[in-house]
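Read through the structure below, which is laid out as structure tokens, and then see the notes.
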Amino acid sequence: MLRALRFFFILGLHPSYALALLAAIVVIGEWTTRVTPGELDTGLGMLLFLQMFLVSTGFAIPARQGHFDPLLTSAESRPRVAAAHCLASIAPGAAGWLTLAITGLAVGSPAAWSALIGDRMAALVIVSAIGWTAGFLLPRGAAGVIWIAALVTLLLTHTDVVPAWSLAMERSVAVLIHAVTVTVCPFVLLGVHPPLANGSVPIALCVVGTVWWFALTSTRRLDVYLVDRA
Amino acid sequence: MSARLELAGVVKTYDGQRVLDRAWLLVKPGEAVGLIGANGAGKTTMLRIAAGLVVPDAGLVRTLKANGRISVRYFGGERTLPPAVSRKRWARWFGVADQDRRLLGRLSRGSRQLFGLQMTLARGDADVILLDEPWEGLDPNGAAWLTARVDEWRRRGAALLISSHRLHDLSSACTRFVLLQDGRCRDMDTADGADRVVQLEQVFSRR
């Protein structure tokens with residue numbers, strides 16, 4: 001696993017402009033949090049938005065261009081290689097997130113603990129896992145574009161991501177509806193938002209984790225045939 | 001001597017077209033097998049199946065060693081090198097020191113091919129070596145270097161499977177030849193020396 005991680009860090013999964021943008025967001029987020037500790041969510045929100053694109057590094061396409069051949073022909077198992085690819089894809093954004101969360105903790109931001117071990121951290125996990133999984137077969141950044149397009153569509157159609165009527169439903173139904181909401185729009189876990197049914201976040205994490213695990217294990221049957229570079 | 005690499009009854013179909021049709025192939029330690037065949041015959045598919053990159057629809061692929069883990073090295077040609085990575089970084093993965101910071105995409109095709117081969121055939125242990133069109137783009141010096149390295153690895157007991165259209169180079173590097181035609185492998189009996197190239201050329205002209 002460490003060997004595979006090393007390979008992906010040598011390869012460099014993220015373009016330098018994306019890392020520069022990440023650094024800029026972390027600097028802005030740090031400054032905002034230091035000036036107004038209650039504004040930690042501003043930096044976290046920007047970072048979560050960027051993470052949607054950062055984690056969508058795409059596995060199958062560079063693999064089929066032969067870029068991963070030295071690793072895939074080594075003794076490392078495919079799911080481990082895919083897990084290492086996922087970790088390497090998540091790492092820069094997660095490092096930025098932790099930097100902001102620790103700064104928030106240092107300046108006494110009320111959202112800091114949630115960003116480390118609570119709902120806000122769940123938002124990062126969901127975005128990272130879905131972004132990587134959805135982008136598995138797609139070109140770099142494509143999953144982020146599709147996801148943002150879906151969210152913009154919801155916004156333009158004035159769709160309530162946490163519909164008021166769901167709060168009046170039976171608890172189990174409300175939990176399911178809110179779990180879907182959290183999965184589709186993890187941004188509801190930042191800032192001030194309508195209350196979510198208890199248990200909806202763990203259920204969303206379980207669903208996302210299952211899909212992610214399925215993507216990892218499916219790599220065993222992935223045909224890494226050779227395609228020419230476009 | 002038992003085979004180091006064994007493909008038994010391998011079938012692979014792409015888009016309804018059967019590329020490999022119950023193909024069998026054995027490569028023993030210390031043997032360099034030349035894989036020849038027309039364009040589209042399935043040589044690259046066969047090599048990638050042997051490398052464990054492509055999953056066959058049916059059949060078995062076995063890499064065998066009496067004790068310990070088997071080490072497989074595969075090079076699919078310069079196009080498989082990531083263009084945005086520097087020579088220095090890529091060499092680090094193979095444990096080779098290289099101070100050249102130029103990106104692989106900025107090198108000439110021949111330089112990329114030679115660099116990729118140098119990394120694949122770098123020091124260390126390898127039980128099975130799979131090379132796809134390795135002489136493509138190499139100048140005469142590079143071609144001679146590659147032939148010498150293939151011979152060196154063969155003498156060290158590695159099993160090599162090499163596909164190429166460059167019959168002269170292939171004939172000087174390999175000990176046995178297999179023709180891939182209609183999805184199946186056929187062993188070719190060839191004489192030593194210059195006659196061998198003529199024989200290989202005749203096989204192509206008879207197709």
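Letters for chains follow the order of the structure tokens (A, B, ...), residue numbers begin at 1 for each chain, and ligand numbers begin at 1 in the order shown.
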Go through chain B residue by residue and, counting only C-alpha atoms, keep those with an atom at most 10 Å from chain A; for each kept residue give the shortest atom pair and its distance in Å to one decimal, ordered by chain and increasing number, as a Markdown table.
| residue | atom | partner | partner_atom | distance |
| --- | --- | --- | --- | --- |
| B:Thr44 | CA | A:Leu226 | CA | 8.2 |
| B:Thr45 | CA | A:Tyr225 | CA | 7.1 |
| B:Arg48 | CA | A:Tyr225 | CA | 7.1 |
| B:Ile49 | CA | A:Tyr225 | CA | 8.8 |
| B:Ala50 | CA | A:Thr73 | CA | 9.7 |
| B:Ala51 | CA | A:Thr73 | CA | 6.0 |
| B:Gly52 | CA | A:Thr73 | CA | 6.5 |
| B:Leu53 | CA | A:Val224 | CA | 5.1 |
| B:Val54 | CA | A:Asp223 | CA | 4.7 |
| B:Val55 | CA | A:Asp223 | CA | 5.7 |
| B:Pro56 | CA | A:Asp223 | CA | 8.7 |
| B:Arg69 | CA | A:Ala75 | CA | 7.9 |
| B:Ile70 | CA | A:Ala75 | CA | 8.0 |
| B:Ser71 | CA | A:Ser74 | CA | 7.0 |
| B:Val72 | CA | A:Thr73 | CA | 6.3 |
| B:Arg73 | CA | A:Thr73 | CA | 6.7 |
| B:Tyr74 | CA | A:Thr73 | CA | 7.0 |
| B:Phe75 | CA | A:Asp69 | CA | 7.7 |
| B:Gly76 | CA | A:Gly66 | CA | 7.2 |
| B:Gly77 | CA | A:Gly66 | CA | 8.9 |
| B:Glu78 | CA | A:Gly66 | CA | 9.5 |
| B:Arg79 | CA | A:Gln65 | CA | 7.6 |
| B:Thr80 | CA | A:Gly66 | CA | 4.3 |
| B:Leu81 | CA | A:His67 | CA | 5.6 |
| B:Pro82 | CA | A:His67 | CA | 5.4 |
| B:Pro83 | CA | A:His67 | CA | 9.1 |
| B:Ala84 | CA | A:Leu11 | CA | 8.3 |
| B:Val85 | CA | A:Leu11 | CA | 6.2 |
| B:Ser86 | CA | A:Leu11 | CA | 9.1 |
| B:Lys88 | CA | A:Ile10 | CA | 9.8 |
| B:Arg89 | CA | A:Ile10 | CA | 6.0 |
| B:Trp90 | CA | A:Ile10 | CA | 6.9 |
| B:Ala91 | CA | A:Ile10 | CA | 9.6 |
| B:Arg92 | CA | A:Ile10 | CA | 8.0 |
| B:Trp93 | CA | A:Phe7 | CA | 6.7 |
| B:Phe94 | CA | A:Pro70 | CA | 8.9 |
| B:Met119 | CA | A:Pro70 | CA | 9.9 |
| B:Thr120 | CA | A:Pro70 | CA | 8.4 |
Could you pull the residues within 7 Å of B:Gly183, counting only C-alpha atoms, minus those fewer than 3 positions along the same chain, as a list in words?
Val19, Leu20, Asp21, Ala23, Ala41, Gly42 and Leu180 of chain B
Based on DSSP run over this structure's backbone, return all residues of stretch 190-229 of chain A in helix (DSSP H, G or I), as a short mmCIF file (atom, residue, chain, number, x, y, z; two decimals) with C-alpha atoms, in the first residue's frame.
data_model
loop_
_atom_site.label_atom_id
_atom_site.label_comp_id
_atom_site.auth_asym_id
_atom_site.auth_seq_id
_atom_site.Cartn_x
_atom_site.Cartn_y
_atom_site.Cartn_z
CA SER A 200 -29.12 10.55 8.55
CA VAL A 201 -25.40 11.40 8.46
CA PRO A 202 -24.19 7.93 9.60
CA ILE A 203 -26.54 6.31 7.06
CA ALA A 204 -25.20 8.57 4.30
CA LEU A 205 -21.64 7.63 5.34
CA CYS A 206 -22.53 3.91 5.23
CA VAL A 207 -24.06 4.22 1.74
CA VAL A 208 -21.10 6.22 0.43
CA GLY A 209 -18.66 3.80 2.06
CA THR A 210 -20.41 0.82 0.44
CA VAL A 211 -20.33 2.41 -3.01
CA TRP A 212 -16.64 3.29 -2.51
CA TRP A 213 -15.84 -0.28 -1.41
CA PHE A 214 -17.67 -1.67 -4.44
CA ALA A 215 -15.60 0.60 -6.73
CA LEU A 216 -12.37 -0.60 -5.07
CA THR A 217 -13.18 -4.29 -5.40
CA SER A 218 -14.47 -3.90 -8.97
CA THR A 219 -10.93 -2.95 -10.03
CA ARG A 220 -10.10 -6.67 -9.93
CA ARG A 221 -12.13 -7.08 -13.13
#
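For the pair atom CA of B:Glu6 and atom CA of B:Asp169, the separation is 24.4 Å.
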Selection: 7 Å around stretch 135-149 of chain B, only C-alpha atoms, excl. self and same-chain fewer than 5 positions, as a list in words
Arg109, Gly110, Gln113, Leu114 and Ala173 of chain B
Create the file for the chosen residues now, containing N, CA and C atoms and written as a tab-separated table (two decimals), in the first residue's frame.
chain	number	residue	atom	x	y	z
B	109	ARG	N	10.76	10.87	-29.31
B	109	ARG	CA	10.14	9.55	-29.21
B	109	ARG	C	11.17	8.47	-28.91
B	110	GLY	N	12.28	8.54	-29.63
B	110	GLY	CA	13.34	7.54	-29.43
B	110	GLY	C	13.96	7.62	-28.04
B	113	GLN	N	11.57	6.12	-25.60
B	113	GLN	CA	11.56	4.65	-25.71
B	113	GLN	C	12.78	4.07	-25.01
B	114	LEU	N	13.94	4.66	-25.26
B	114	LEU	CA	15.17	4.14	-24.66
B	114	LEU	C	15.13	4.29	-23.14
B	173	ALA	N	17.87	-11.48	-30.95
B	173	ALA	CA	17.69	-11.44	-29.50
B	173	ALA	C	16.96	-12.66	-28.95
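The space separating atom CA of A:Ile102 from atom CA of A:Ala4 comes to 28.7 Å.
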B:Leu47 surroundings by only C-alpha atoms, 8 Å radius, close-in-sequence under 6 positions cut, as a ChimeraX atom specification
/B:130-132,161
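Residues of stretch 45-175 of chain B assigned to strand (DSSP E or B) by DSSP on this structure's backbone: Ala58, Gly59, Leu60, Val61, Arg62, Thr63, Val72, Arg73, Tyr74, Phe75, Ser86, Leu103, Val128, Ile129, Leu130, Leu131, Asp132, Ala159, Leu160, Leu161, Ile162 and Ser163 of chain B.
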